[in-house]
Amino acid sequence: MKGFPILPAFAVLVLALSTVSIVRTQPVRITNPPPIPPPRTVFQERIAAVGIVEPSSELLSLGTHLPGVVEKVFVTAGQDVRAGAPLVKLDTRALESVVAERRSELASREAALVTARAAARKARAALADVGRMLRIAEAVSDLRSIRSEEVTRRRSAVETAEAEVAVTDAGIGVAEAALQSAAVALRGAEIDIERSTIHAPIDGRILQLRIRVGEYAPTGSTVSPWLVIGNISPLHVRVDIDENEAWRIQPGAKAVAQVRGNANLSMPLTFVRIEPMIVPKQSLTGASTERVDTRVLQAVYRVDDTHTTVFVGQQMDVFIDAGGIKTAMIQR
């Protein structure tokens with residue numbers, strides 16, 4: 001009887017133990033569903049795009065005609081306002097002093113006009129008097145009763161009085177022009193006071209308020225607008241469609257928007273318009289160093305679903321019905 005083969009048996013045992021060890025150390029792969037369901041659509045032919053929620057009036061970044069320190073803020077963020085409602089009032093003390101000065105100037109010009117008109121009446125009375133004396137002298141038939149020098153003197157007096165009337169009439173014109181100028185200056189100062197209060201240009205909601213009492217409100221555009229208003233009834237979605245797929249979009253095409261983070265929150269959109277110009281894609285990160293080399297066609301849709309809560313500036317996943325094989329470019 002031959003001896004038992006120890007080495008081959010030991011090799012088989014080591015191989016079996018190695019195999020068991022390798023199998024036990026392999027990671028267990030468990031398939032888990034995604035925590036957030038991916039966007040999906042019912043359109044068979046579709047265009048996938050990203051949309052931004054915006055007011056139907058678009059975003060209105062308000063400014064001020066005059067720079068100044070804020071004296072009072074009448075509204076808060078999220079407040080609904082009517083067109084013409086006061087929003088922010090600037091300090092107007094300096095302008096009020098200008099108005100008072102302009103009113104004094106106007107009163108002075110009014111007095112000067114009254115004086116000029118009185119002088120004109122006086123000059124006309126003097127003209128009438130010397131004219132009457134000249135007519136009396138010219139009516140004398142007997143040349144021995146009055147000297148010729150007297151008649152000449154009275155004629156000269158009439159000419160002088162006429163010149164004086166012309167001067168006073170011109171003085172009235174100057175006084176009226178000065179009065180009108182003072183009235184315009186006063187009205188300009190009053191308008192500056194009126195413009196120191198910023199009013200709502202439309203019915204809408206205060207979407208952003210970044211200014212407080214005591215802060216300085218500059219004129220012109222700023223990097224970050226300090227007051228943004230918009231009409232959110234209804235809301236619009238501005239959809240950026242890649243220019244490579246722009247030829248597939250049709251006016252009036254149906255669309256569906258889904259809230260990012262919850263694809264179950266889906267809402268139909270109603271076509272409003274297509275912006276006819278392809279533009280560089282809008283920066284969505286706000287970084288000043290961002291480079292954008294994509295051009296897009298923008299389509300605007302209306303959100304008719306008032307039950308789903310969305311906010312201005314929120315990104316949406318939008319799917320647009322491409323209309324099957326016959327697309328906008330080949331339809332005639």
# chains A, B, ... in the order shown; residues from 1 in each chain; ligands from 1
$ residues_around --residues "Ala111 (chain A)" --least-positions-apart "6" --cutoff "12 Å" --atoms "only C-alpha atoms" --output "PyMOL selection string"
chain A and resi 104-105+117-118+172+175-176+178-179
$ write_last_selection --atoms "C-alpha atoms" --output "mmCIF file, in the first residue's frame"
data_model
loop_
_atom_site.group_PDB
_atom_site.id
_atom_site.type_symbol
_atom_site.label_atom_id
_atom_site.label_comp_id
_atom_site.auth_asym_id
_atom_site.auth_seq_id
_atom_site.Cartn_x
_atom_site.Cartn_y
_atom_site.Cartn_z
ATOM 1 C CA SER A 104 -38.811 133.471 -2.016
ATOM 2 C CA GLU A 105 -37.323 134.095 -5.430
ATOM 3 C CA ARG A 117 -46.711 147.000 -14.598
ATOM 4 C CA ALA A 118 -47.247 149.978 -12.301
ATOM 5 C CA ILE A 172 -42.796 144.007 -18.067
ATOM 6 C CA ALA A 175 -40.200 140.715 -15.298
ATOM 7 C CA GLU A 176 -42.592 138.123 -16.776
ATOM 8 C CA ALA A 178 -37.917 136.248 -14.729
ATOM 9 C CA LEU A 179 -41.153 135.210 -13.024
#
$ residues_around --residues "Ala263 (chain A)" --least-positions-apart "3" --cutoff "8 Å" --atoms "only C-alpha atoms" --output "MDAnalysis selection string"
chainID A and resid 36:40 258:260 266
$ residues_around --residues "Gly131 (chain A)" --least-positions-apart "5" --cutoff "9 Å" --atoms "only C-alpha atoms" --output "MDAnalysis selection string"
chainID A and resid 126 136 154:155 157:158 161
$ write_last_selection --atoms "C-alpha atoms" --output "short mmCIF file (atom, residue, chain, number, x, y, z; two decimals), in the first residue's frame"
data_model
loop_
_atom_site.label_atom_id
_atom_site.label_comp_id
_atom_site.auth_asym_id
_atom_site.auth_seq_id
_atom_site.Cartn_x
_atom_site.Cartn_y
_atom_site.Cartn_z
CA ALA A 126 -47.63 160.63 -18.62
CA ILE A 136 -54.18 171.71 -27.34
CA ARG A 154 -44.50 169.52 -26.43
CA ARG A 155 -43.86 167.26 -29.39
CA ALA A 157 -42.23 165.57 -24.60
CA VAL A 158 -44.63 163.21 -26.39
CA ALA A 161 -43.13 159.69 -23.09
#
$ select_by_dssp --residues "region 99-297 of chain A" --states "strand (DSSP E or B)" --output "PyMOL selection string"
chain A and resi 197-199+204-209+216-217+227-230+235-242+255-259+262-274+279-280+295-297
$ write_last_selection --atoms "N, CA and C atoms" --output "compact mmCIF listing (two decimals), in the first residue's frame"
# COMPACT_ATOMS: atom_id res chain seq x y z
N THR A 197 -38.85 110.15 -3.40
CA THR A 197 -39.64 109.00 -2.95
C THR A 197 -39.81 108.05 -4.11
N ILE A 198 -39.29 106.83 -3.98
CA ILE A 198 -39.39 105.83 -5.04
C ILE A 198 -40.74 105.14 -4.92
N HIS A 199 -41.50 105.12 -6.02
CA HIS A 199 -42.82 104.50 -6.04
C HIS A 199 -42.80 103.23 -6.88
N GLY A 204 -47.27 94.47 -7.94
CA GLY A 204 -46.36 93.34 -7.84
C GLY A 204 -45.97 93.06 -6.41
N ARG A 205 -44.90 92.29 -6.27
CA ARG A 205 -44.40 91.88 -4.95
C ARG A 205 -42.94 92.28 -4.82
N ILE A 206 -42.57 92.72 -3.63
CA ILE A 206 -41.18 93.05 -3.34
C ILE A 206 -40.41 91.74 -3.23
N LEU A 207 -39.57 91.47 -4.20
CA LEU A 207 -38.84 90.21 -4.24
C LEU A 207 -37.49 90.29 -3.53
N GLN A 208 -36.93 91.47 -3.46
CA GLN A 208 -35.64 91.64 -2.79
C GLN A 208 -35.54 93.07 -2.28
N LEU A 209 -35.13 93.21 -1.04
CA LEU A 209 -34.94 94.53 -0.42
C LEU A 209 -33.62 94.51 0.32
N TYR A 216 -26.89 104.67 2.18
CA TYR A 216 -26.80 105.58 1.04
C TYR A 216 -27.31 104.88 -0.21
N ALA A 217 -28.23 105.51 -0.90
CA ALA A 217 -28.80 104.97 -2.13
C ALA A 217 -28.15 105.68 -3.32
N LEU A 227 -33.34 96.97 -4.69
CA LEU A 227 -34.78 96.74 -4.59
C LEU A 227 -35.26 96.12 -5.90
N VAL A 228 -35.85 94.94 -5.79
CA VAL A 228 -36.34 94.22 -6.97
C VAL A 228 -37.82 93.95 -6.77
N ILE A 229 -38.61 94.25 -7.80
CA ILE A 229 -40.04 94.05 -7.74
C ILE A 229 -40.48 93.31 -9.00
N GLY A 230 -41.56 92.58 -8.90
CA GLY A 230 -42.07 91.86 -10.06
C GLY A 230 -43.49 91.39 -9.83
N LEU A 235 -46.66 83.43 -12.68
CA LEU A 235 -45.22 83.26 -12.84
C LEU A 235 -44.90 82.76 -14.25
N HIS A 236 -43.71 83.09 -14.72
CA HIS A 236 -43.22 82.59 -16.00
C HIS A 236 -41.98 81.74 -15.76
N VAL A 237 -41.69 80.88 -16.72
CA VAL A 237 -40.45 80.11 -16.73
C VAL A 237 -39.71 80.44 -18.02
N ARG A 238 -38.51 80.97 -17.89
CA ARG A 238 -37.67 81.29 -19.05
C ARG A 238 -36.76 80.09 -19.30
N VAL A 239 -36.99 79.44 -20.43
CA VAL A 239 -36.32 78.18 -20.74
C VAL A 239 -35.17 78.45 -21.71
N ASP A 240 -33.98 77.96 -21.35
CA ASP A 240 -32.80 78.07 -22.21
C ASP A 240 -32.67 76.79 -23.04
N ILE A 241 -32.85 76.91 -24.36
CA ILE A 241 -32.76 75.78 -25.27
C ILE A 241 -31.46 75.90 -26.04
N ASP A 242 -30.65 74.86 -26.00
CA ASP A 242 -29.37 74.87 -26.70
C ASP A 242 -29.60 75.16 -28.17
N ALA A 255 -45.30 71.91 -22.90
CA ALA A 255 -44.11 71.74 -22.06
C ALA A 255 -44.54 71.37 -20.66
N VAL A 256 -43.64 70.69 -19.97
CA VAL A 256 -43.86 70.28 -18.58
C VAL A 256 -42.62 70.66 -17.80
N ALA A 257 -42.82 71.23 -16.63
CA ALA A 257 -41.70 71.60 -15.75
C ALA A 257 -41.76 70.75 -14.50
N GLN A 258 -40.58 70.37 -14.02
CA GLN A 258 -40.47 69.58 -12.80
C GLN A 258 -39.53 70.29 -11.84
N VAL A 259 -39.92 70.27 -10.59
CA VAL A 259 -39.12 70.93 -9.56
C VAL A 259 -37.86 70.12 -9.32
N ASN A 262 -37.37 67.06 -6.66
CA ASN A 262 -38.59 66.26 -6.51
C ASN A 262 -39.28 66.21 -7.85
N ALA A 263 -38.97 65.15 -8.64
CA ALA A 263 -39.56 65.03 -9.96
C ALA A 263 -41.05 64.77 -9.91
N ASN A 264 -41.56 64.38 -8.73
CA ASN A 264 -43.00 64.15 -8.62
C ASN A 264 -43.78 65.46 -8.66
N LEU A 265 -43.10 66.57 -8.35
CA LEU A 265 -43.76 67.87 -8.42
C LEU A 265 -43.63 68.38 -9.86
N SER A 266 -44.60 67.99 -10.67
CA SER A 266 -44.59 68.34 -12.08
C SER A 266 -45.79 69.22 -12.38
N MET A 267 -45.59 70.14 -13.30
CA MET A 267 -46.67 71.07 -13.63
C MET A 267 -46.64 71.38 -15.13
N PRO A 268 -47.80 71.45 -15.76
CA PRO A 268 -47.84 71.82 -17.18
C PRO A 268 -47.57 73.30 -17.36
N LEU A 269 -47.00 73.64 -18.49
CA LEU A 269 -46.70 75.03 -18.83
C LEU A 269 -47.47 75.43 -20.08
N THR A 270 -47.81 76.70 -20.15
CA THR A 270 -48.50 77.25 -21.31
C THR A 270 -47.56 78.17 -22.06
N PHE A 271 -47.46 77.96 -23.35
CA PHE A 271 -46.54 78.74 -24.18
C PHE A 271 -46.95 80.21 -24.19
N VAL A 272 -45.95 81.10 -24.05
CA VAL A 272 -46.19 82.55 -24.10
C VAL A 272 -45.54 83.15 -25.34
N ARG A 273 -44.23 82.96 -25.47
CA ARG A 273 -43.53 83.54 -26.61
C ARG A 273 -42.14 82.93 -26.72
N ILE A 274 -41.52 83.17 -27.85
CA ILE A 274 -40.12 82.82 -28.06
C ILE A 274 -39.34 84.10 -28.28
N VAL A 279 -28.94 84.04 -27.73
CA VAL A 279 -28.05 84.83 -26.89
C VAL A 279 -27.11 83.89 -26.14
N PRO A 280 -25.99 84.42 -25.62
CA PRO A 280 -25.14 83.59 -24.76
C PRO A 280 -25.92 83.11 -23.54
N ARG A 295 -24.61 79.06 -26.50
CA ARG A 295 -25.63 80.01 -26.94
C ARG A 295 -26.97 79.29 -26.92
N VAL A 296 -27.99 80.02 -26.53
CA VAL A 296 -29.29 79.40 -26.32
C VAL A 296 -30.39 80.26 -26.94
N LEU A 297 -31.48 79.58 -27.25
CA LEU A 297 -32.73 80.24 -27.63
C LEU A 297 -33.64 80.22 -26.42
$ atom_distance --atom1 "CA of Gly78 (chain A)" --atom2 "CA of Gly220 (chain A)"
24.2 Å
$ atom_distance --atom1 "CA of Ala100 (chain A)" --atom2 "CA of Arg187 (chain A)"
11.5 Å
$ residues_around --residues "Ile202 (chain A)" --least-positions-apart "2" --cutoff "12 Å" --atoms "only C-alpha atoms" --output "list in words"
Pro55, Ser56, Ser57, Glu58, Leu59, Leu60, Leu62, Asp80, Val81, Arg82, Ala83, Gly84, Ala85, Pro86, Leu87, His199, Ala200, Gly204, Arg205, Ile206, Val228, Ile229, Gly230, Asn231 and Ile232 of chain A
$ atom_distance --atom1 "CA of Glu164 (chain A)" --atom2 "CA of Ala116 (chain A)"
12.0 Å
$ residues_around --residues "Val184 (chain A)" --least-positions-apart "3" --cutoff "12 Å" --atoms "only C-alpha atoms" --output "number ranges by chain"
A: 99, 102-103, 105-106, 177-181, 187-191
$ write_last_selection --atoms "N, CA and C atoms" --output "short mmCIF file (atom, residue, chain, number, x, y, z; two decimals), in the first residue's frame"
data_model
loop_
_atom_site.label_atom_id
_atom_site.label_comp_id
_atom_site.auth_asym_id
_atom_site.auth_seq_id
_atom_site.Cartn_x
_atom_site.Cartn_y
_atom_site.Cartn_z
N VAL A 99 -36.34 124.48 -2.06
CA VAL A 99 -37.71 124.86 -2.40
C VAL A 99 -38.08 126.17 -1.72
N ARG A 102 -36.46 128.94 -3.58
CA ARG A 102 -37.12 129.17 -4.86
C ARG A 102 -38.46 129.89 -4.68
N ARG A 103 -39.15 129.59 -3.61
CA ARG A 103 -40.43 130.28 -3.36
C ARG A 103 -40.20 131.76 -3.05
N GLU A 105 -37.68 133.51 -4.14
CA GLU A 105 -37.32 134.09 -5.43
C GLU A 105 -38.56 134.34 -6.28
N LEU A 106 -39.50 133.40 -6.25
CA LEU A 106 -40.73 133.57 -7.02
C LEU A 106 -41.53 134.76 -6.50
N ALA A 177 -40.60 137.16 -17.84
CA ALA A 177 -39.66 136.08 -18.12
C ALA A 177 -38.96 135.62 -16.84
N ALA A 178 -38.56 136.60 -15.99
CA ALA A 178 -37.92 136.25 -14.73
C ALA A 178 -38.87 135.49 -13.81
N LEU A 179 -40.15 135.90 -13.84
CA LEU A 179 -41.15 135.21 -13.02
C LEU A 179 -41.35 133.77 -13.51
N GLN A 180 -41.41 133.61 -14.82
CA GLN A 180 -41.57 132.27 -15.38
C GLN A 180 -40.36 131.39 -15.04
N SER A 181 -39.17 131.98 -15.13
CA SER A 181 -37.96 131.22 -14.79
C SER A 181 -37.96 130.81 -13.33
N ARG A 187 -40.65 124.65 -9.55
CA ARG A 187 -41.25 123.37 -9.93
C ARG A 187 -40.18 122.28 -10.02
N GLY A 188 -38.99 122.64 -10.52
CA GLY A 188 -37.91 121.67 -10.57
C GLY A 188 -37.50 121.19 -9.20
N ALA A 189 -37.43 122.11 -8.23
CA ALA A 189 -37.07 121.71 -6.86
C ALA A 189 -38.16 120.84 -6.25
N GLU A 190 -39.42 121.17 -6.53
CA GLU A 190 -40.52 120.35 -6.01
C GLU A 190 -40.51 118.96 -6.64
N ILE A 191 -40.16 118.89 -7.93
CA ILE A 191 -40.07 117.58 -8.60
C ILE A 191 -38.95 116.76 -7.99
#
$ closest_residue --among "A:Glu149, A:Asp169, A:Glu54, A:Glu159" --to "Arg121 (chain A)" --atoms "only C-alpha atoms"
A:Asp169
